[in-house]
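*Asks:* The following file, entry01.txt, comprises compact mmCIF, N, CA and C atoms:
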```txt
# COMPACT_ATOMS: atom_id res chain seq x y z
N MET A 1 0.85 -1.18 0.00
CA MET A 1 0.00 0.00 0.00
C MET A 1 0.89 1.23 0.00
N SER A 2 0.71 2.10 -0.94
CA SER A 2 1.46 3.34 -0.97
C SER A 2 0.98 4.22 0.17
N ASN A 3 1.93 4.73 0.94
CA ASN A 3 1.53 5.40 2.17
C ASN A 3 2.53 6.50 2.48
N LYS A 4 2.09 7.75 2.42
CA LYS A 4 2.97 8.85 2.77
C LYS A 4 2.93 9.13 4.26
N GLY A 5 1.82 8.73 4.93
CA GLY A 5 1.75 8.87 6.37
C GLY A 5 2.63 7.83 7.02
N ARG A 6 2.86 7.96 8.32
CA ARG A 6 3.75 7.06 9.03
C ARG A 6 3.08 6.64 10.32
N SER A 7 3.36 5.43 10.79
CA SER A 7 2.77 4.96 12.04
C SER A 7 3.75 4.06 12.77
N GLU A 8 3.59 3.97 14.11
CA GLU A 8 4.41 3.11 14.96
C GLU A 8 3.47 2.32 15.85
N VAL A 9 3.78 1.05 16.10
CA VAL A 9 2.99 0.21 17.00
C VAL A 9 3.35 0.57 18.44
N VAL A 10 2.32 0.68 19.30
CA VAL A 10 2.49 0.99 20.71
C VAL A 10 1.90 -0.17 21.50
N ALA A 11 2.69 -0.88 22.30
CA ALA A 11 2.22 -2.04 23.06
C ALA A 11 1.44 -1.59 24.31
N HIS A 12 0.40 -2.34 24.66
CA HIS A 12 -0.43 -2.05 25.83
C HIS A 12 -1.15 -3.34 26.20
N THR A 13 -1.40 -3.56 27.49
CA THR A 13 -2.06 -4.78 27.94
C THR A 13 -3.44 -4.91 27.31
N ALA A 14 -3.73 -6.05 26.67
CA ALA A 14 -5.02 -6.38 26.04
C ALA A 14 -5.37 -5.43 24.89
N GLU A 15 -4.47 -4.57 24.56
CA GLU A 15 -4.68 -3.63 23.46
C GLU A 15 -3.38 -3.47 22.70
N VAL A 16 -3.50 -2.94 21.53
CA VAL A 16 -2.32 -2.52 20.77
C VAL A 16 -2.65 -1.14 20.24
N GLY A 17 -1.66 -0.29 20.17
CA GLY A 17 -1.90 1.08 19.73
C GLY A 17 -1.04 1.46 18.56
N LEU A 18 -1.45 2.54 17.93
CA LEU A 18 -0.68 3.13 16.84
C LEU A 18 -0.47 4.61 17.12
N ARG A 19 0.76 5.05 16.94
CA ARG A 19 1.06 6.47 16.87
C ARG A 19 1.15 6.79 15.40
N ILE A 20 0.41 7.78 14.96
CA ILE A 20 0.28 8.06 13.53
C ILE A 20 0.70 9.51 13.28
N TYR A 21 1.39 9.72 12.16
CA TYR A 21 1.89 11.05 11.80
C TYR A 21 1.54 11.35 10.35
N GLY A 22 1.31 12.62 10.05
CA GLY A 22 1.08 13.01 8.67
C GLY A 22 1.19 14.52 8.51
N ALA A 23 1.60 14.94 7.33
CA ALA A 23 1.70 16.37 7.03
C ALA A 23 0.33 16.98 6.76
N SER A 24 -0.64 16.14 6.48
CA SER A 24 -2.01 16.60 6.22
C SER A 24 -2.97 15.62 6.87
N LEU A 25 -4.24 15.99 6.92
CA LEU A 25 -5.25 15.09 7.47
C LEU A 25 -5.36 13.83 6.60
N ARG A 26 -5.23 13.99 5.29
CA ARG A 26 -5.26 12.83 4.40
C ARG A 26 -4.11 11.87 4.70
N GLU A 27 -2.92 12.41 4.88
CA GLU A 27 -1.78 11.56 5.21
C GLU A 27 -1.98 10.87 6.56
N LEU A 28 -2.56 11.57 7.52
CA LEU A 28 -2.81 10.98 8.84
C LEU A 28 -3.77 9.80 8.72
N PHE A 29 -4.89 9.98 8.01
CA PHE A 29 -5.88 8.92 7.87
C PHE A 29 -5.35 7.77 7.00
N ARG A 30 -4.55 8.10 6.00
CA ARG A 30 -3.92 7.06 5.18
C ARG A 30 -2.89 6.30 6.02
N GLY A 31 -2.12 7.02 6.85
CA GLY A 31 -1.16 6.38 7.73
C GLY A 31 -1.84 5.48 8.75
N ALA A 32 -3.00 5.88 9.25
CA ALA A 32 -3.77 5.06 10.19
C ALA A 32 -4.22 3.77 9.51
N ALA A 33 -4.70 3.88 8.29
CA ALA A 33 -5.13 2.69 7.53
C ALA A 33 -3.94 1.77 7.26
N GLY A 34 -2.80 2.33 6.90
CA GLY A 34 -1.60 1.53 6.66
C GLY A 34 -1.10 0.85 7.92
N GLY A 35 -1.14 1.56 9.04
CA GLY A 35 -0.74 0.96 10.31
C GLY A 35 -1.64 -0.18 10.72
N LEU A 36 -2.95 0.00 10.54
CA LEU A 36 -3.90 -1.06 10.85
C LEU A 36 -3.64 -2.28 9.97
N LEU A 37 -3.39 -2.06 8.70
CA LEU A 37 -3.11 -3.18 7.79
C LEU A 37 -1.85 -3.94 8.23
N LYS A 38 -0.84 -3.22 8.71
CA LYS A 38 0.38 -3.87 9.22
C LYS A 38 0.07 -4.75 10.43
N LEU A 39 -0.88 -4.32 11.26
CA LEU A 39 -1.26 -5.13 12.43
C LEU A 39 -1.91 -6.43 12.00
N TYR A 40 -2.64 -6.41 10.90
CA TYR A 40 -3.33 -7.59 10.39
C TYR A 40 -2.44 -8.53 9.60
N LYS A 41 -1.65 -7.98 8.70
CA LYS A 41 -1.04 -8.75 7.63
C LYS A 41 0.41 -9.07 7.93
N LYS A 42 0.74 -10.35 7.91
CA LYS A 42 2.13 -10.78 8.08
C LYS A 42 2.85 -10.85 6.74
N LYS A 43 2.16 -11.32 5.71
CA LYS A 43 2.79 -11.40 4.39
C LYS A 43 1.73 -11.43 3.30
N GLY A 44 2.17 -11.19 2.09
CA GLY A 44 1.28 -11.23 0.93
C GLY A 44 0.88 -9.84 0.47
N SER A 45 0.88 -9.66 -0.84
CA SER A 45 0.45 -8.37 -1.39
C SER A 45 -1.07 -8.37 -1.54
N VAL A 46 -1.63 -7.18 -1.63
CA VAL A 46 -3.07 -7.02 -1.78
C VAL A 46 -3.32 -6.27 -3.08
N SER A 47 -4.12 -6.84 -3.96
CA SER A 47 -4.43 -6.23 -5.25
C SER A 47 -5.76 -5.48 -5.16
N PRO A 48 -5.84 -4.31 -5.79
CA PRO A 48 -7.10 -3.55 -5.79
C PRO A 48 -8.10 -4.16 -6.77
N ARG A 49 -9.02 -4.98 -6.29
CA ARG A 49 -9.95 -5.70 -7.17
C ARG A 49 -11.38 -5.19 -7.09
N ARG A 50 -11.84 -4.81 -5.92
CA ARG A 50 -13.23 -4.36 -5.76
C ARG A 50 -13.26 -3.08 -4.95
N ARG A 51 -14.08 -2.13 -5.40
CA ARG A 51 -14.19 -0.84 -4.74
C ARG A 51 -15.31 -0.87 -3.71
N VAL A 52 -15.01 -0.31 -2.53
CA VAL A 52 -16.00 -0.15 -1.46
C VAL A 52 -16.07 1.34 -1.13
N HIS A 53 -17.27 1.86 -1.06
CA HIS A 53 -17.47 3.27 -0.73
C HIS A 53 -17.71 3.42 0.77
N ILE A 54 -17.00 4.35 1.40
CA ILE A 54 -17.19 4.63 2.82
C ILE A 54 -17.45 6.12 2.98
N SER A 55 -18.55 6.45 3.65
CA SER A 55 -18.91 7.82 3.93
C SER A 55 -19.24 7.94 5.42
N LEU A 56 -18.57 8.86 6.11
CA LEU A 56 -18.73 8.99 7.56
C LEU A 56 -18.86 10.46 7.95
N LYS A 57 -19.60 10.69 9.02
CA LYS A 57 -19.70 12.03 9.62
C LYS A 57 -19.50 11.88 11.12
N ALA A 58 -18.85 12.87 11.72
CA ALA A 58 -18.57 12.82 13.16
C ALA A 58 -18.58 14.23 13.74
N GLY A 59 -18.63 14.29 15.05
CA GLY A 59 -18.63 15.59 15.73
C GLY A 59 -17.24 16.18 15.89
N ALA A 60 -16.21 15.33 15.79
CA ALA A 60 -14.83 15.80 15.97
C ALA A 60 -13.88 14.86 15.24
N VAL A 61 -12.67 15.32 15.00
CA VAL A 61 -11.70 14.55 14.22
C VAL A 61 -11.30 13.25 14.92
N ASP A 62 -11.21 13.23 16.24
CA ASP A 62 -10.85 11.98 16.92
C ASP A 62 -11.95 10.94 16.75
N GLU A 63 -13.20 11.36 16.82
CA GLU A 63 -14.33 10.44 16.58
C GLU A 63 -14.30 9.93 15.14
N LEU A 64 -14.00 10.81 14.19
CA LEU A 64 -13.93 10.41 12.78
C LEU A 64 -12.84 9.37 12.56
N LEU A 65 -11.69 9.54 13.22
CA LEU A 65 -10.61 8.57 13.07
C LEU A 65 -11.03 7.20 13.60
N VAL A 66 -11.69 7.14 14.74
CA VAL A 66 -12.15 5.87 15.30
C VAL A 66 -13.19 5.23 14.37
N LEU A 67 -14.13 6.02 13.86
CA LEU A 67 -15.14 5.49 12.93
C LEU A 67 -14.47 4.93 11.67
N TRP A 68 -13.50 5.65 11.14
CA TRP A 68 -12.76 5.23 9.94
C TRP A 68 -12.08 3.88 10.18
N LEU A 69 -11.33 3.78 11.26
CA LEU A 69 -10.62 2.54 11.55
C LEU A 69 -11.59 1.39 11.78
N ASN A 70 -12.71 1.65 12.44
CA ASN A 70 -13.69 0.58 12.67
C ASN A 70 -14.35 0.13 11.37
N GLU A 71 -14.52 1.02 10.41
CA GLU A 71 -15.03 0.60 9.09
C GLU A 71 -14.03 -0.32 8.40
N LEU A 72 -12.75 -0.01 8.51
CA LEU A 72 -11.72 -0.86 7.91
C LEU A 72 -11.65 -2.21 8.62
N ILE A 73 -11.80 -2.20 9.94
CA ILE A 73 -11.82 -3.45 10.71
C ILE A 73 -13.02 -4.30 10.26
N PHE A 74 -14.16 -3.68 10.04
CA PHE A 74 -15.35 -4.39 9.55
C PHE A 74 -15.08 -5.05 8.20
N LEU A 75 -14.38 -4.34 7.31
CA LEU A 75 -14.04 -4.92 6.00
C LEU A 75 -13.24 -6.20 6.16
N VAL A 76 -12.27 -6.18 7.07
CA VAL A 76 -11.41 -7.34 7.25
C VAL A 76 -12.14 -8.45 8.01
N ALA A 77 -12.74 -8.11 9.15
CA ALA A 77 -13.32 -9.13 10.03
C ALA A 77 -14.63 -9.71 9.51
N SER A 78 -15.50 -8.88 8.98
CA SER A 78 -16.82 -9.36 8.56
C SER A 78 -16.91 -9.67 7.07
N ARG A 79 -16.34 -8.81 6.27
CA ARG A 79 -16.41 -9.04 4.82
C ARG A 79 -15.24 -9.87 4.29
N ARG A 80 -14.25 -10.12 5.15
CA ARG A 80 -13.07 -10.92 4.80
C ARG A 80 -12.34 -10.35 3.59
N ARG A 81 -12.11 -9.02 3.63
CA ARG A 81 -11.42 -8.33 2.55
C ARG A 81 -10.29 -7.48 3.13
N LEU A 82 -9.14 -7.51 2.47
CA LEU A 82 -8.03 -6.62 2.78
C LEU A 82 -8.08 -5.45 1.81
N TYR A 83 -7.51 -4.33 2.19
CA TYR A 83 -7.55 -3.14 1.34
C TYR A 83 -6.13 -2.77 0.90
N SER A 84 -6.06 -2.11 -0.26
CA SER A 84 -4.74 -1.78 -0.80
C SER A 84 -4.64 -0.36 -1.32
N LYS A 85 -5.73 0.25 -1.65
CA LYS A 85 -5.71 1.58 -2.26
C LYS A 85 -6.87 2.37 -1.68
N ILE A 86 -6.59 3.62 -1.29
CA ILE A 86 -7.62 4.48 -0.72
C ILE A 86 -7.58 5.81 -1.45
N ILE A 87 -8.76 6.24 -1.90
CA ILE A 87 -8.90 7.55 -2.54
C ILE A 87 -9.89 8.35 -1.72
N PHE A 88 -9.42 9.43 -1.11
CA PHE A 88 -10.31 10.30 -0.34
C PHE A 88 -10.94 11.31 -1.29
N ARG A 89 -12.26 11.27 -1.40
CA ARG A 89 -12.99 12.26 -2.19
C ARG A 89 -13.22 13.52 -1.36
N GLU A 90 -13.43 13.32 -0.05
CA GLU A 90 -13.60 14.42 0.90
C GLU A 90 -13.01 13.97 2.22
N LEU A 91 -12.30 14.86 2.88
CA LEU A 91 -11.81 14.58 4.22
C LEU A 91 -11.62 15.90 4.96
N THR A 92 -12.48 16.11 5.95
CA THR A 92 -12.40 17.26 6.84
C THR A 92 -12.38 16.71 8.26
N PRO A 93 -12.16 17.53 9.27
CA PRO A 93 -12.19 17.02 10.64
C PRO A 93 -13.55 16.42 11.05
N ALA A 94 -14.60 16.65 10.27
CA ALA A 94 -15.93 16.14 10.64
C ALA A 94 -16.56 15.21 9.61
N ALA A 95 -15.92 15.00 8.45
CA ALA A 95 -16.55 14.17 7.41
C ALA A 95 -15.48 13.49 6.56
N LEU A 96 -15.85 12.31 6.08
CA LEU A 96 -14.96 11.52 5.24
C LEU A 96 -15.79 10.85 4.17
N ASP A 97 -15.30 10.90 2.94
CA ASP A 97 -15.91 10.18 1.83
C ASP A 97 -14.75 9.57 1.06
N ALA A 98 -14.71 8.23 1.01
CA ALA A 98 -13.56 7.56 0.41
C ALA A 98 -13.97 6.34 -0.40
N GLU A 99 -13.13 6.03 -1.39
CA GLU A 99 -13.20 4.77 -2.12
C GLU A 99 -12.05 3.92 -1.62
N VAL A 100 -12.36 2.72 -1.17
CA VAL A 100 -11.36 1.80 -0.67
C VAL A 100 -11.35 0.59 -1.58
N TRP A 101 -10.21 0.30 -2.18
CA TRP A 101 -10.07 -0.82 -3.09
C TRP A 101 -9.61 -2.03 -2.31
N THR A 102 -10.31 -3.16 -2.49
CA THR A 102 -10.10 -4.33 -1.66
C THR A 102 -9.88 -5.59 -2.48
N GLU A 103 -9.42 -6.63 -1.78
CA GLU A 103 -9.28 -7.96 -2.34
C GLU A 103 -9.73 -8.95 -1.28
N ALA A 104 -10.41 -10.00 -1.70
CA ALA A 104 -10.83 -11.04 -0.76
C ALA A 104 -9.60 -11.69 -0.13
N ILE A 105 -9.68 -11.98 1.16
CA ILE A 105 -8.58 -12.65 1.86
C ILE A 105 -8.45 -14.06 1.31
N SER A 106 -7.23 -14.40 0.92
CA SER A 106 -6.95 -15.72 0.36
C SER A 106 -5.88 -16.39 1.22
N PRO A 107 -6.18 -17.57 1.80
CA PRO A 107 -5.17 -18.27 2.59
C PRO A 107 -3.90 -18.58 1.78
N ARG A 108 -4.04 -18.72 0.47
CA ARG A 108 -2.88 -18.97 -0.39
C ARG A 108 -1.96 -17.76 -0.51
N ARG A 109 -2.59 -16.57 -0.53
CA ARG A 109 -1.81 -15.34 -0.79
C ARG A 109 -1.52 -14.51 0.45
N HIS A 110 -2.34 -14.62 1.48
CA HIS A 110 -2.22 -13.73 2.63
C HIS A 110 -2.02 -14.52 3.92
N SER A 111 -1.20 -14.00 4.77
CA SER A 111 -1.01 -14.57 6.10
C SER A 111 -1.35 -13.47 7.10
N LEU A 112 -2.38 -13.71 7.91
CA LEU A 112 -2.82 -12.71 8.88
C LEU A 112 -2.29 -13.04 10.26
N SER A 113 -2.06 -12.01 11.06
CA SER A 113 -1.40 -12.20 12.34
C SER A 113 -2.34 -12.24 13.54
N GLY A 114 -3.60 -11.99 13.37
CA GLY A 114 -4.49 -12.04 14.53
C GLY A 114 -5.75 -11.25 14.31
N GLU A 115 -6.54 -11.19 15.36
CA GLU A 115 -7.83 -10.51 15.30
C GLU A 115 -7.75 -9.15 15.99
N ILE A 116 -8.35 -8.18 15.37
CA ILE A 116 -8.51 -6.87 15.98
C ILE A 116 -10.00 -6.64 16.10
N LYS A 117 -10.46 -6.38 17.32
CA LYS A 117 -11.90 -6.27 17.56
C LYS A 117 -12.44 -4.89 17.22
N ALA A 118 -11.73 -3.84 17.65
CA ALA A 118 -12.24 -2.48 17.42
C ALA A 118 -11.20 -1.43 17.77
N ALA A 119 -11.30 -0.29 17.09
CA ALA A 119 -10.58 0.91 17.53
C ALA A 119 -11.38 1.49 18.68
N THR A 120 -10.69 2.02 19.68
CA THR A 120 -11.38 2.50 20.88
C THR A 120 -11.14 4.00 21.10
N TYR A 121 -11.92 4.54 22.01
CA TYR A 121 -11.73 5.94 22.41
C TYR A 121 -10.78 6.07 23.60
N HIS A 122 -10.30 4.93 24.11
CA HIS A 122 -9.37 4.92 25.24
C HIS A 122 -8.08 5.64 24.86
N ARG A 123 -7.79 6.73 25.51
CA ARG A 123 -6.57 7.53 25.31
C ARG A 123 -6.42 8.06 23.88
N ILE A 124 -7.53 8.19 23.16
CA ILE A 124 -7.47 8.72 21.80
C ILE A 124 -6.97 10.16 21.83
N SER A 125 -6.12 10.48 20.90
CA SER A 125 -5.72 11.88 20.75
C SER A 125 -5.40 12.13 19.27
N VAL A 126 -5.90 13.23 18.79
CA VAL A 126 -5.61 13.68 17.43
C VAL A 126 -5.37 15.17 17.53
N ALA A 127 -4.21 15.62 17.07
CA ALA A 127 -3.88 17.04 17.21
C ALA A 127 -3.06 17.51 16.01
N ARG A 128 -3.24 18.76 15.70
CA ARG A 128 -2.43 19.41 14.67
C ARG A 128 -1.48 20.36 15.38
N ARG A 129 -0.21 20.18 15.11
CA ARG A 129 0.82 21.05 15.68
C ARG A 129 1.59 21.66 14.53
N GLY A 130 1.37 22.94 14.30
CA GLY A 130 2.00 23.59 13.16
C GLY A 130 1.45 22.99 11.87
N ASN A 131 2.32 22.48 11.03
CA ASN A 131 1.87 21.88 9.77
C ASN A 131 1.90 20.35 9.82
N ARG A 132 1.90 19.76 11.01
CA ARG A 132 1.93 18.31 11.18
C ARG A 132 0.74 17.84 11.99
N TRP A 133 0.21 16.68 11.63
CA TRP A 133 -0.85 16.02 12.39
C TRP A 133 -0.23 14.83 13.13
N ARG A 134 -0.73 14.59 14.35
CA ARG A 134 -0.32 13.44 15.15
C ARG A 134 -1.54 12.81 15.78
N ALA A 135 -1.51 11.49 15.92
CA ALA A 135 -2.64 10.81 16.58
C ALA A 135 -2.11 9.61 17.34
N LEU A 136 -2.85 9.23 18.36
CA LEU A 136 -2.63 8.01 19.12
C LEU A 136 -3.96 7.32 19.26
N VAL A 137 -4.03 6.06 18.85
CA VAL A 137 -5.28 5.30 18.93
C VAL A 137 -4.96 3.87 19.36
N PHE A 138 -5.84 3.31 20.22
CA PHE A 138 -5.67 1.95 20.69
C PHE A 138 -6.78 1.06 20.15
N PHE A 139 -6.46 -0.21 19.99
CA PHE A 139 -7.38 -1.21 19.46
C PHE A 139 -7.55 -2.33 20.48
N ASP A 140 -8.79 -2.81 20.64
CA ASP A 140 -9.03 -4.03 21.41
C ASP A 140 -8.61 -5.20 20.54
N VAL A 141 -7.82 -6.11 21.13
CA VAL A 141 -7.37 -7.28 20.38
C VAL A 141 -7.83 -8.55 21.08
```
Here is the file; what I need is its structure written in the form of structure tokens.
*Replies:*
Amino acid sequence: MSNKGRSEVVAHTAEVGLRIYGASLRELFRGAAGGLLKLYKKKGSVSPRRRVHISLKAGAVDELLVLWLNELIFLVASRRRLYSKIIFRELTPAALDAEVWTEAISPRRHSLSGEIKAATYHRISVARRGNRWRALVFFDV
């Protein structure tokens, strides 16, 4: 997955977290998606085969980030699809409209590392400092 945003895994009891960085809100949300995919996928490339539309509204940017990550978790856990390409049509601190290109999970092609239940609001933080965005988000595993 092409990703200009950056993320780091943060260990926590019964949870795993990501510290996410980006020069723009788009890079931050793309970095969050890339970090989540790293938590899931041990090996195997993902081809953009089917498009899924995601549209979200929230009261604040931290809520939007949690909703976004939970939609991606739903794609993997319930629809059994991995994602490889994301096109944001709209992204503001309160709204997101994106096309997410996915591929069905194949035991032959993909090796997954575990289950992620949900992104949580526990210790969530999303902030813009100067021209950089930073976020911290934890997931129930």
*Asks:* So that I can check the surroundings of segment 35-49 of chain A, please list as an mmCIF file with N, CA and C atoms, in the coordinates of the input every protein, DNA and RNA residue that reaches within 7 Å of it, counting all atoms listed in the file and ignoring chain neighbours fewer than 3 positions away.
*Replies:*
```
data_model
loop_
_atom_site.group_PDB
_atom_site.id
_atom_site.type_symbol
_atom_site.label_atom_id
_atom_site.label_comp_id
_atom_site.auth_asym_id
_atom_site.auth_seq_id
_atom_site.Cartn_x
_atom_site.Cartn_y
_atom_site.Cartn_z
ATOM 1 N N MET A 1 0.850 -1.180 0.000
ATOM 2 C CA MET A 1 0.000 0.000 0.000
ATOM 3 C C MET A 1 0.890 1.230 0.000
ATOM 4 N N ARG A 6 2.860 7.960 8.320
ATOM 5 C CA ARG A 6 3.750 7.060 9.030
ATOM 6 C C ARG A 6 3.080 6.640 10.320
ATOM 7 N N SER A 7 3.360 5.430 10.790
ATOM 8 C CA SER A 7 2.770 4.960 12.040
ATOM 9 C C SER A 7 3.750 4.060 12.770
ATOM 10 N N GLU A 8 3.590 3.970 14.110
ATOM 11 C CA GLU A 8 4.410 3.110 14.960
ATOM 12 C C GLU A 8 3.470 2.320 15.850
ATOM 13 N N LEU A 18 -1.450 2.540 17.930
ATOM 14 C CA LEU A 18 -0.680 3.130 16.840
ATOM 15 C C LEU A 18 -0.470 4.610 17.120
ATOM 16 N N ARG A 30 -4.550 8.100 6.000
ATOM 17 C CA ARG A 30 -3.920 7.060 5.180
ATOM 18 C C ARG A 30 -2.890 6.300 6.020
ATOM 19 N N GLY A 31 -2.120 7.020 6.850
ATOM 20 C CA GLY A 31 -1.160 6.380 7.730
ATOM 21 C C GLY A 31 -1.840 5.480 8.750
ATOM 22 N N ALA A 32 -3.000 5.880 9.250
ATOM 23 C CA ALA A 32 -3.770 5.060 10.190
ATOM 24 C C ALA A 32 -4.220 3.770 9.510
ATOM 25 N N LEU A 82 -9.140 -7.510 2.470
ATOM 26 C CA LEU A 82 -8.030 -6.620 2.780
ATOM 27 C C LEU A 82 -8.080 -5.450 1.810
ATOM 28 N N TYR A 83 -7.510 -4.330 2.190
ATOM 29 C CA TYR A 83 -7.550 -3.140 1.340
ATOM 30 C C TYR A 83 -6.130 -2.770 0.900
ATOM 31 N N SER A 84 -6.060 -2.110 -0.260
ATOM 32 C CA SER A 84 -4.740 -1.780 -0.800
ATOM 33 C C SER A 84 -4.640 -0.360 -1.320
ATOM 34 N N LYS A 85 -5.730 0.250 -1.650
ATOM 35 C CA LYS A 85 -5.710 1.580 -2.260
ATOM 36 C C LYS A 85 -6.870 2.370 -1.680
ATOM 37 N N TRP A 101 -10.210 0.300 -2.180
ATOM 38 C CA TRP A 101 -10.070 -0.820 -3.090
ATOM 39 C C TRP A 101 -9.610 -2.030 -2.310
ATOM 40 N N THR A 102 -10.310 -3.160 -2.490
ATOM 41 C CA THR A 102 -10.100 -4.330 -1.660
ATOM 42 C C THR A 102 -9.880 -5.590 -2.480
ATOM 43 N N GLU A 103 -9.420 -6.630 -1.780
ATOM 44 C CA GLU A 103 -9.280 -7.960 -2.340
ATOM 45 C C GLU A 103 -9.730 -8.950 -1.280
ATOM 46 N N ALA A 104 -10.410 -10.000 -1.700
ATOM 47 C CA ALA A 104 -10.830 -11.040 -0.760
ATOM 48 C C ALA A 104 -9.600 -11.690 -0.130
ATOM 49 N N ARG A 109 -2.590 -16.570 -0.530
ATOM 50 C CA ARG A 109 -1.810 -15.340 -0.790
ATOM 51 C C ARG A 109 -1.520 -14.510 0.450
ATOM 52 N N HIS A 110 -2.340 -14.620 1.480
ATOM 53 C CA HIS A 110 -2.220 -13.730 2.630
ATOM 54 C C HIS A 110 -2.020 -14.520 3.920
ATOM 55 N N SER A 111 -1.200 -14.000 4.770
ATOM 56 C CA SER A 111 -1.010 -14.570 6.100
ATOM 57 C C SER A 111 -1.350 -13.470 7.100
ATOM 58 N N LEU A 112 -2.380 -13.710 7.910
ATOM 59 C CA LEU A 112 -2.820 -12.710 8.880
ATOM 60 C C LEU A 112 -2.290 -13.040 10.260
ATOM 61 N N SER A 113 -2.060 -12.010 11.060
ATOM 62 C CA SER A 113 -1.400 -12.200 12.340
ATOM 63 C C SER A 113 -2.340 -12.240 13.540
ATOM 64 N N GLY A 114 -3.600 -11.990 13.370
ATOM 65 C CA GLY A 114 -4.490 -12.040 14.530
ATOM 66 C C GLY A 114 -5.750 -11.250 14.310
ATOM 67 N N GLU A 115 -6.540 -11.190 15.360
ATOM 68 C CA GLU A 115 -7.830 -10.510 15.300
ATOM 69 C C GLU A 115 -7.750 -9.150 15.990
#
```
*Asks:* Which residue is closest to Glu27 of chain A? Choose from A:Ala95, A:Phe138, A:Arg81, A:Trp133 and count all atoms listed in the file.
*Replies:*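 Answer, going by the shortest atom-to-atom distance: A:Trp133.
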*Asks:* Can you tell me, as an NGL selection string, what residues are no more than 12 Å from segment 50-56 of chain A when counting only C-alpha atoms, ignoring any on the same chain fewer than 2 positions away?
*Replies:* :A and (46-48 or 58-61 or 63-72 or 74-75 or 79 or 81-104)
*Asks:* If you run DSSP on the backbone here, which positions in chain A get alpha helix (DSSP H)? Please write them as a VMD selection string.
*Replies:* chain A and resid 25 to 40 61 to 77
*Asks:* Looking at only C-alpha atoms, which of A:Asp62, A:Ile124, A:Phe139, A:Lys57 is the one that sits closest to Val9 of chain A?
*Replies:* A:Phe139
*Asks:* Which of these residues is nearest to Ala135 of chain A, using only C-alpha atoms: A:Ile73, A:Ile105, A:Arg19, A:Thr120?
*Replies:*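 Closest residue, counting only C-alpha atoms: A:Arg19.
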*Asks:* So the first atom is atom C of Val10 of chain A and the second is atom CA of Leu25 of chain A; what is the distance between them in Å, to one decimal place?
*Replies:*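 Atom C of Val10 of chain A sits 21.9 Å away from atom CA of Leu25 of chain A.
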*Asks:* I need the residues of chain A that end up classed as strand (DSSP E or B) by DSSP on the backbone, written out as a ChimeraX atom specification.
*Replies:* /A:6-12,15-22,41-43,50-57,81-92,95-104,111-112,118-119,125-129,132-140
*Asks:* To one decimal in Å, tell me the separation between atom CA of Val16 of chain A and atom CA of Lys4 of chain A.
*Replies:*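 If I compute the distance from atom CA of Val16 of chain A to atom CA of Lys4 of chain A, I get 21.9 Å.
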*Asks:* Given only C-alpha atoms as the basis, pick out the residue of A:Pro107, A:Gly17, A:Gly130, A:Gly5 nearest to Phe29 of chain A.
*Replies:* A:Gly5
*Asks:* Report the distance between atom C of Lys117 of chain A and atom C of Arg132 of chain A in Å, rounded to one decimal place.
*Replies:*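 These atoms are spaced 26.8 Å apart.
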*Asks:* Counting all atoms listed in the file, which of A:Ser106, A:Arg123, A:Leu136, A:Gly22 gets nearest to Arg80 of chain A?
*Replies:*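 Distance minimum relative to Arg80 of chain A lands on A:Ser106.
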*Asks:* For segment 50-62 of chain A, write C-alpha atoms out as a CSV table (one decimal), in the first residue's frame.
*Replies:*
```csv
chain,number,residue,atom,x,y,z
A,50,ARG,CA,-13.2,-4.4,-5.8
A,51,ARG,CA,-14.2,-0.8,-4.7
A,52,VAL,CA,-16.0,-0.2,-1.5
A,53,HIS,CA,-17.5,3.3,-0.7
A,54,ILE,CA,-17.2,4.6,2.8
A,55,SER,CA,-18.9,7.8,3.9
A,56,LEU,CA,-18.7,9.0,7.6
A,57,LYS,CA,-19.7,12.0,9.6
A,58,ALA,CA,-18.6,12.8,13.2
A,59,GLY,CA,-18.6,15.6,15.7
A,60,ALA,CA,-14.8,15.8,16.0
A,61,VAL,CA,-11.7,14.6,14.2
A,62,ASP,CA,-10.9,12.0,16.9
```
